[in-house]
Structure formats: structure tokens, C-alpha cells
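File shown: start.pdb. Contents: PDB, C-alpha atoms.
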```
ATOM      1  CA  ARG A1384       1.077  67.183 -12.271
ATOM      2  CA  SER A1385       2.482  63.707 -11.673
ATOM      3  CA  LEU A1386       4.645  63.659  -8.531
ATOM      4  CA  LEU A1387       6.051  61.040  -6.205
ATOM      5  CA  ARG A1388       4.150  60.896  -2.936
ATOM      6  CA  ARG A1389       5.807  59.726   0.277
ATOM      7  CA  GLY A1390       5.322  56.007   0.774
ATOM      8  CA  SER A1391       4.624  55.432  -2.934
ATOM      9  CA  SER A1392       6.916  53.929  -5.548
ATOM     10  CA  THR A1393       5.027  55.320  -8.545
ATOM     11  CA  PRO A1394       4.232  58.897  -9.633
ATOM     12  CA  GLN A1395       0.690  60.027  -8.848
ATOM     13  CA  GLU A1396      -1.490  62.963  -9.880
ATOM     14  CA  THR A1397      -1.617  65.120  -6.752
ATOM     15  CA  SER A1398      -2.146  68.614  -5.409
ATOM     16  CA  LEU A1399      -0.538  67.911  -2.026
ATOM     17  CA  HIS A1400       1.636  70.409  -0.216
ATOM     18  CA  PRO A1401       5.359  70.078  -1.161
ATOM     19  CA  ALA A1402       6.151  68.981   2.422
ATOM     20  CA  ASP A1403       4.163  65.795   1.782
ATOM     21  CA  LEU A1404       6.111  64.959  -1.360
ATOM     22  CA  LEU A1405       9.382  63.090  -1.812
ATOM     23  CA  VAL A1406      12.268  65.035  -3.361
ATOM     24  CA  LEU A1407      14.758  63.013  -5.411
ATOM     25  CA  VAL A1408      18.336  64.336  -5.690
ATOM     26  CA  GLY A1409      20.454  62.688  -8.399
ATOM     27  CA  SER A1410      24.244  63.000  -8.176
ATOM     28  CA  ASN A1411      25.004  61.515 -11.580
ATOM     29  CA  ALA A1412      22.324  60.615 -14.083
ATOM     30  CA  GLY A1413      20.405  63.324 -15.908
ATOM     31  CA  PRO A1414      18.076  61.322 -18.190
ATOM     32  CA  SER A1415      16.744  63.296 -21.134
ATOM     33  CA  PRO A1416      13.123  62.121 -20.524
ATOM     34  CA  LEU A1417      13.213  64.125 -17.260
ATOM     35  CA  THR A1418      13.925  67.371 -19.088
ATOM     36  CA  GLY A1419      11.653  69.524 -21.213
ATOM     37  CA  LYS A1420       8.050  68.328 -21.166
ATOM     38  CA  GLY A1421       8.913  65.526 -18.773
ATOM     39  CA  CYS A1422      10.513  67.848 -16.217
ATOM     40  CA  ASN A1423       9.452  67.145 -12.620
ATOM     41  CA  PRO A1424       9.839  69.897  -9.988
ATOM     42  CA  MET A1425      10.640  67.301  -7.324
ATOM     43  CA  PHE A1426      13.714  65.961  -9.157
ATOM     44  CA  PHE A1427      17.047  67.778  -8.758
ATOM     45  CA  SER A1428      20.253  66.800 -10.526
ATOM     46  CA  THR A1429      23.622  68.047  -9.240
ATOM     47  CA  SER A1430      25.401  66.991 -12.414
ATOM     48  CA  TRP A1431      24.030  67.732 -15.898
ATOM     49  CA  ASN A1432      21.736  66.518 -18.600
ATOM     50  CA  ASN A1433      23.131  63.273 -20.007
ATOM     51  CA  ASP A1434      23.405  64.636 -23.533
ATOM     52  CA  SER A1435      25.676  67.587 -22.730
ATOM     53  CA  LEU A1436      29.067  65.875 -22.392
ATOM     54  CA  HIS A1437      28.462  63.953 -25.582
ATOM     55  CA  GLU A1438      27.310  66.998 -27.509
ATOM     56  CA  SER A1439      30.673  68.610 -26.779
ATOM     57  CA  MET A1440      32.482  65.583 -28.166
ATOM     58  CA  GLY A1441      30.300  65.537 -31.274
ATOM     59  CA  GLN A1442      31.301  69.141 -31.868
ATOM     60  CA  HIS A1443      34.947  68.257 -31.204
ATOM     61  CA  ALA A1444      34.846  65.419 -33.729
ATOM     62  CA  THR A1445      33.356  67.783 -36.300
ATOM     63  CA  ASP A1446      35.897  70.538 -35.603
ATOM     64  CA  THR A1447      38.779  68.067 -35.727
ATOM     65  CA  GLY A1448      37.672  66.869 -39.139
ATOM     66  CA  TYR A1449      36.718  63.256 -38.474
ATOM     67  CA  LYS A1450      34.590  62.429 -41.515
ATOM     68  CA  LYS A1451      33.624  58.901 -40.465
ATOM     69  CA  VAL A1452      32.853  57.843 -36.906
ATOM     70  CA  TYR A1453      31.672  54.576 -35.356
ATOM     71  CA  LEU A1454      29.497  54.868 -32.215
ATOM     72  CA  LEU A1455      29.306  52.387 -29.331
ATOM     73  CA  ALA A1456      27.290  52.522 -26.091
ATOM     74  CA  PRO A1457      25.279  50.180 -23.834
ATOM     75  CA  ASN A1458      21.566  49.773 -24.487
ATOM     76  CA  TYR A1459      20.023  51.784 -21.637
ATOM     77  CA  GLN A1460      18.898  55.381 -21.167
ATOM     78  CA  ALA A1461      22.338  56.898 -20.550
ATOM     79  CA  GLY A1462      23.773  55.065 -23.562
ATOM     80  CA  LYS A1463      20.965  56.273 -25.796
ATOM     81  CA  ASP A1464      21.363  59.835 -24.518
ATOM     82  CA  ALA A1465      25.120  59.610 -25.119
ATOM     83  CA  LEU A1466      24.904  58.747 -28.769
ATOM     84  CA  SER A1467      21.968  61.023 -29.513
ATOM     85  CA  GLY A1468      23.893  63.896 -27.925
ATOM     86  CA  PHE A1469      26.984  63.125 -29.979
ATOM     87  CA  LYS A1470      24.999  62.891 -33.222
ATOM     88  CA  ARG A1471      23.218  66.164 -32.491
ATOM     89  CA  MET A1472      26.479  68.090 -32.934
ATOM     90  CA  TYR A1473      28.437  65.779 -35.239
ATOM     91  CA  LYS A1474      28.249  66.728 -38.912
ATOM     92  CA  GLY A1475      30.167  63.832 -40.448
ATOM     93  CA  GLN A1476      29.107  60.307 -41.398
ATOM     94  CA  VAL A1477      28.161  57.709 -38.771
ATOM     95  CA  VAL A1478      29.434  54.472 -40.311
ATOM     96  CA  GLY A1479      28.181  52.299 -37.475
ATOM     97  CA  GLU A1480      26.034  52.626 -34.349
ATOM     98  CA  ASN A1481      25.935  49.762 -31.874
ATOM     99  CA  TYR A1482      24.034  49.459 -28.587
ATOM    100  CA  THR A1483      25.550  46.642 -26.547
ATOM    101  CA  LYS A1484      24.061  44.747 -23.629
ATOM    102  CA  LEU A1485      24.398  46.668 -20.348
ATOM    103  CA  GLY A1486      27.243  45.086 -18.384
ATOM    104  CA  GLN A1487      28.676  43.320 -21.436
ATOM    105  CA  LEU A1488      32.339  42.365 -21.028
ATOM    106  CA  ASP A1489      33.200  40.637 -24.332
ATOM    107  CA  TYR A1490      33.550  42.958 -27.331
ATOM    108  CA  ALA A1491      34.950  40.624 -29.981
ATOM    109  CA  ALA A1492      31.932  41.077 -32.276
ATOM    110  CA  GLU A1493      31.947  44.859 -31.889
ATOM    111  CA  LEU A1494      35.677  45.050 -32.607
ATOM    112  CA  ALA A1495      35.138  43.050 -35.798
ATOM    113  CA  GLU A1496      32.418  45.508 -36.851
ATOM    114  CA  ILE A1497      34.675  48.475 -36.163
ATOM    115  CA  ARG A1498      37.473  46.936 -38.198
ATOM    116  CA  ALA A1499      35.105  46.321 -41.113
ATOM    117  CA  ALA A1500      33.569  49.818 -40.960
ATOM    118  CA  LYS A1501      37.007  51.491 -41.234
ATOM    119  CA  PRO A1502      36.113  54.702 -39.376
ATOM    120  CA  GLN A1503      38.511  57.548 -38.733
ATOM    121  CA  ALA A1504      37.367  57.620 -35.118
ATOM    122  CA  VAL A1505      35.396  55.562 -32.622
ATOM    123  CA  TYR A1506      33.223  57.280 -30.028
ATOM    124  CA  ILE A1507      32.461  55.121 -27.017
ATOM    125  CA  PHE A1508      30.429  55.452 -23.844
ATOM    126  CA  LEU A1509      31.185  52.336 -21.795
ATOM    127  CA  PRO A1510      31.492  53.368 -18.135
ATOM    128  CA  GLY A1511      32.981  51.170 -15.442
ATOM    129  CA  GLY A1512      34.001  47.586 -16.130
ATOM    130  CA  MET A1513      32.595  47.763 -19.651
ATOM    131  CA  GLY A1514      35.140  50.412 -20.630
ATOM    132  CA  VAL A1515      37.985  48.602 -18.880
ATOM    133  CA  ASN A1516      37.336  45.410 -20.812
ATOM    134  CA  PHE A1517      36.787  47.212 -24.105
ATOM    135  CA  SER A1518      40.124  49.045 -23.813
ATOM    136  CA  LYS A1519      42.027  45.863 -22.980
ATOM    137  CA  GLN A1520      40.416  43.917 -25.826
ATOM    138  CA  TYR A1521      40.867  46.783 -28.286
ATOM    139  CA  SER A1522      44.594  46.783 -27.558
ATOM    140  CA  ALA A1523      44.873  43.001 -27.756
ATOM    141  CA  ALA A1524      42.948  42.847 -31.062
ATOM    142  CA  GLY A1525      45.610  44.782 -32.966
ATOM    143  CA  MET A1526      43.190  47.414 -34.262
ATOM    144  CA  ASP A1527      44.324  49.946 -36.865
ATOM    145  CA  PRO A1528      46.418  52.506 -34.923
ATOM    146  CA  LYS A1529      45.128  55.239 -37.241
ATOM    147  CA  ILE A1530      41.633  54.921 -35.734
ATOM    148  CA  VAL A1531      41.280  57.536 -33.010
ATOM    149  CA  ARG A1532      39.205  56.732 -29.975
ATOM    150  CA  VAL A1533      37.219  59.703 -28.674
ATOM    151  CA  PHE A1534      35.993  59.568 -25.092
ATOM    152  CA  GLN A1535      34.104  61.545 -22.484
ATOM    153  CA  ALA A1536      35.042  61.743 -18.816
ATOM    154  CA  TYR A1537      33.771  58.344 -17.712
ATOM    155  CA  ASP A1538      35.803  56.362 -20.224
ATOM    156  CA  ALA A1539      38.915  58.538 -20.203
ATOM    157  CA  ASP A1540      39.843  59.862 -16.795
ATOM    158  CA  GLN A1541      43.484  59.577 -15.746
ATOM    159  CA  GLN A1542      42.919  56.131 -14.237
ATOM    160  CA  MET A1543      41.235  54.677 -17.327
ATOM    161  CA  LEU A1544      43.995  55.992 -19.604
ATOM    162  CA  THR A1545      46.515  53.661 -17.931
ATOM    163  CA  ILE A1546      44.648  50.572 -19.183
ATOM    164  CA  GLY A1547      45.794  48.641 -22.238
ATOM    165  CA  ASP A1548      47.709  50.915 -24.589
ATOM    166  CA  GLY A1549      46.710  54.034 -22.723
ATOM    167  CA  GLY A1550      43.159  54.150 -24.002
ATOM    168  CA  GLY A1551      44.183  55.340 -27.442
ATOM    169  CA  GLY A1552      44.983  58.879 -26.363
ATOM    170  CA  GLY A1553      41.673  60.239 -27.590
ATOM    171  CA  PRO A1554      40.356  63.459 -26.036
ATOM    172  CA  SER A1555      37.831  63.487 -23.233
ATOM    173  CA  GLY A1556      34.902  65.832 -22.826
ATOM    174  CA  ALA A1557      35.522  66.704 -19.179
ATOM    175  CA  GLU A1558      39.009  65.608 -18.135
ATOM    176  CA  ALA A1559      41.783  68.060 -19.016
ATOM    177  CA  HIS A1560      44.272  65.525 -17.676
ATOM    178  CA  ALA A1561      43.470  63.321 -20.674
ATOM    179  CA  LEU A1562      44.829  65.926 -23.106
ATOM    180  CA  ALA A1563      48.575  66.078 -23.783
ATOM    181  CA  THR A1564      48.606  69.803 -24.538
ATOM    182  CA  VAL A1565      50.047  72.959 -23.006
ATOM    183  CA  ALA A1566      46.545  74.003 -21.966
ATOM    184  CA  SER A1567      45.988  70.768 -20.084
ATOM    185  CA  LYS A1568      49.301  71.148 -18.248
ATOM    186  CA  ALA A1569      48.190  74.566 -17.076
ATOM    187  CA  MET A1570      44.890  73.068 -15.945
ATOM    188  CA  GLU A1571      46.733  70.340 -14.026
ATOM    189  CA  ASN A1572      48.743  72.983 -12.172
ATOM    190  CA  LEU A1573      45.518  74.776 -11.279
ATOM    191  CA  ARG A1574      43.953  71.574 -10.015
ATOM    192  CA  VAL A1575      46.979  70.857  -7.840
ATOM    193  CA  THR A1576      46.614  74.364  -6.372
ATOM    194  CA  LEU A1577      42.891  73.913  -5.724
ATOM    195  CA  HIS A1578      43.191  70.348  -4.406
ATOM    196  CA  PRO A1579      46.131  69.888  -1.966
ATOM    197  CA  ARG A1580      45.518  66.135  -1.904
ATOM    198  CA  CYS A1581      46.766  65.991  -5.499
ATOM    199  CA  CYS A1582      50.250  66.838  -4.243
ATOM    200  CA  ALA A1583      50.136  64.532  -1.234
ATOM    201  CA  TRP A1584      48.645  61.559  -3.098
ATOM    202  CA  LYS A1585      50.007  62.330  -6.573
ATOM    203  CA  ASP A1586      46.468  61.966  -7.834
ATOM    204  CA  TYR A1587      43.633  64.046  -9.319
ATOM    205  CA  PRO A1588      39.967  64.343  -8.329
ATOM    206  CA  ARG A1589      37.704  62.075 -10.347
ATOM    207  CA  ALA A1590      34.640  63.439 -12.130
ATOM    208  CA  TRP A1591      32.527  61.010 -10.078
ATOM    209  CA  ALA A1592      33.846  62.552  -6.837
ATOM    210  CA  ALA A1593      33.105  66.069  -8.058
ATOM    211  CA  GLN A1594      29.457  65.185  -8.657
ATOM    212  CA  ASP A1595      29.000  63.538  -5.266
ATOM    213  CA  ARG A1596      30.642  66.506  -3.539
ATOM    214  CA  ALA A1597      28.133  68.783  -5.226
ATOM    215  CA  ALA A1598      25.278  66.592  -4.018
TER
END
```

Would you give me this structure, written as C-alpha cells?
Amino acid sequence: RSLLRRGSSTPQETSLHPADLLVLVGSNAGPSPLTGKGCNPMFFSTSWNNDSLHESMGQHATDTGYKKVYLLAPNYQAGKDALSGFKRMYKGQVVGENYTKLGQLDYAAELAEIRAAKPQAVYIFLPGGMGVNFSKQYSAAGMDPKIVRVFQAYDADQQMLTIGDGGGGGPSGAEAHALATVASKAMENLRVTLHPRCCAWKDYPRAWAAQDRAA
């Protein structure tokens, strides 16, 4: 089996005792190549497989009845996993699929493509500054308000939803706070009970923090 030996930066075929091997603990990424046949016993993830959040949103888009969806994610492993996970559960028509440059901050061309494709919904995975800029530019571009933006946790936590026009109000795969429903209000009350700092700081735990706490 190919494992990472202490002092080495590349996997090597080895039969060494586990004490001589380097264990890698990942608090966020769960790349699909490291699952299934590519699974390595020395890699532990405290989060999830990348695809899982996006699979739930693909199922949501199907259940909600979105017949045409445009997909947007950065061109790296997590972006590829995101859209493949979404497509795995989505049964409608993908009218556009765009992999942007990682770290890209200008989305004028992508917004033009979305406008031309005329989807019912847009599914994006643009974590960090990419998502911030996309939301601001989407609002400024005067996009069709009928197009629903569907997010997962890292583009639609309570902080991200304050950007631009509120992020479009689309549902998130992991943040109940992003949903304006009775169920989400009940979940907020539970989170305040479980996390006293929510009351003191008038804030909610981020998904990022939850993963690092688990690690």
C-alpha cells in the first residue's frame, strides 16, 4: 500500500509499522480521490466527503422543481467534486457548467453567460473572497430576480447572506440560519441554547468553526 513515510513528501510503497508513518488529519477538505479505491488508512477527515453537501442540494433542486440550472465553481478538486455531487442527484437540465480560475474575483463573463442561459436557478460553489465578489457583482449586474441562487454552507452562512442583496435568499445545504422558515427558527433557538456565545455575541457558530472544533 502507498503510505506517507515520516520525512518524505511523497507516498511510498511500505510495510513499516504504523508508528513510523505520518498520519494526516484534515479538518475541511474531503477530496473524492481519497475515497473508495484511493482510500488511505493514514488519512482522517473530521468533516465529510466533498460531494455530500452538494448532493443534498442537487436533491433539493430536483424536489423543488427547478428544471434548468446553471452551475459555477472554481477549477480545482473541491470545485469539481461540488458540481459532480450536485449533478449526481439533480434530475433536471444543466444549461451551463463553468469552472472558473481559482481565486478569480471578476465574474462579468460568467454573469453574461448566466443571463444568456436563462436558468431557473444558479448553483454556485465559490468559497471565501470568490463568493463575496460574485454576490456583489451579481447584485450590481441587475440579474433577473426570478433566477434563484442555490448555495451550500460556504457560500451562504449568515455572514455571507448580508452581502449585496442578501445573497439571493437561496437555501443552503448546511446552514439552517439561511432558511426563512418556521423550522429554521426552531433550529436557531436550539443553537442559542447549545451555544451560549450566540446570546452574548448575537452571532452563530460558523460551519468552518464546527469542523475545526471536531479536529

*asked:* Would you compute the distance between atom CA of Met1440 of chain A and atom CA of Pro1457 of chain A? Give it in Å to one decimal.
replied: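 That distance, rounded to one decimal, is 17.5 Å.
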
*Figure out the distance between atom CA of Leu1509 of chain A and atom CA of Tyr1490 of chain A, please, to one decimal in Å.*
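Computing the Euclidean distance for atom CA of Tyr1490 of chain A and atom CA of Leu1509 of chain A yields 11.1 Å.
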
*Kindly resolve the PyMOL selection byres ((chain A and resi 1494) around 12) on the present coordinates and return the residues as a ChimeraX atom specification.*
/A:1453-1455,1479,1481,1483,1489-1493,1495-1502,1505,1507,1516-1527,1530

Identify all residues satisfying the PyMOL selection byres ((chain A and resi 1439) around 9) in the given file; provide them as a short mmCIF file (atom, residue, chain, number, x, y, z; two decimals) with C-alpha atoms, in the frame of the given file.
```cif
data_model
loop_
_atom_site.label_atom_id
_atom_site.label_comp_id
_atom_site.auth_asym_id
_atom_site.auth_seq_id
_atom_site.Cartn_x
_atom_site.Cartn_y
_atom_site.Cartn_z
CA ASP A 1434 23.40 64.64 -23.53
CA SER A 1435 25.68 67.59 -22.73
CA LEU A 1436 29.07 65.88 -22.39
CA HIS A 1437 28.46 63.95 -25.58
CA GLU A 1438 27.31 67.00 -27.51
CA MET A 1440 32.48 65.58 -28.17
CA GLY A 1441 30.30 65.54 -31.27
CA GLN A 1442 31.30 69.14 -31.87
CA HIS A 1443 34.95 68.26 -31.20
CA ALA A 1444 34.85 65.42 -33.73
CA GLY A 1468 23.89 63.90 -27.92
CA PHE A 1469 26.98 63.12 -29.98
CA MET A 1472 26.48 68.09 -32.93
CA GLN A 1535 34.10 61.54 -22.48
CA GLY A 1556 34.90 65.83 -22.83
#
```

*Give me, please, the distance in Å between atom CA of Gly1421 of chain A and atom CA of Ala1456 of chain A, quoted to one decimal.*
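The value is 23.7 Å.
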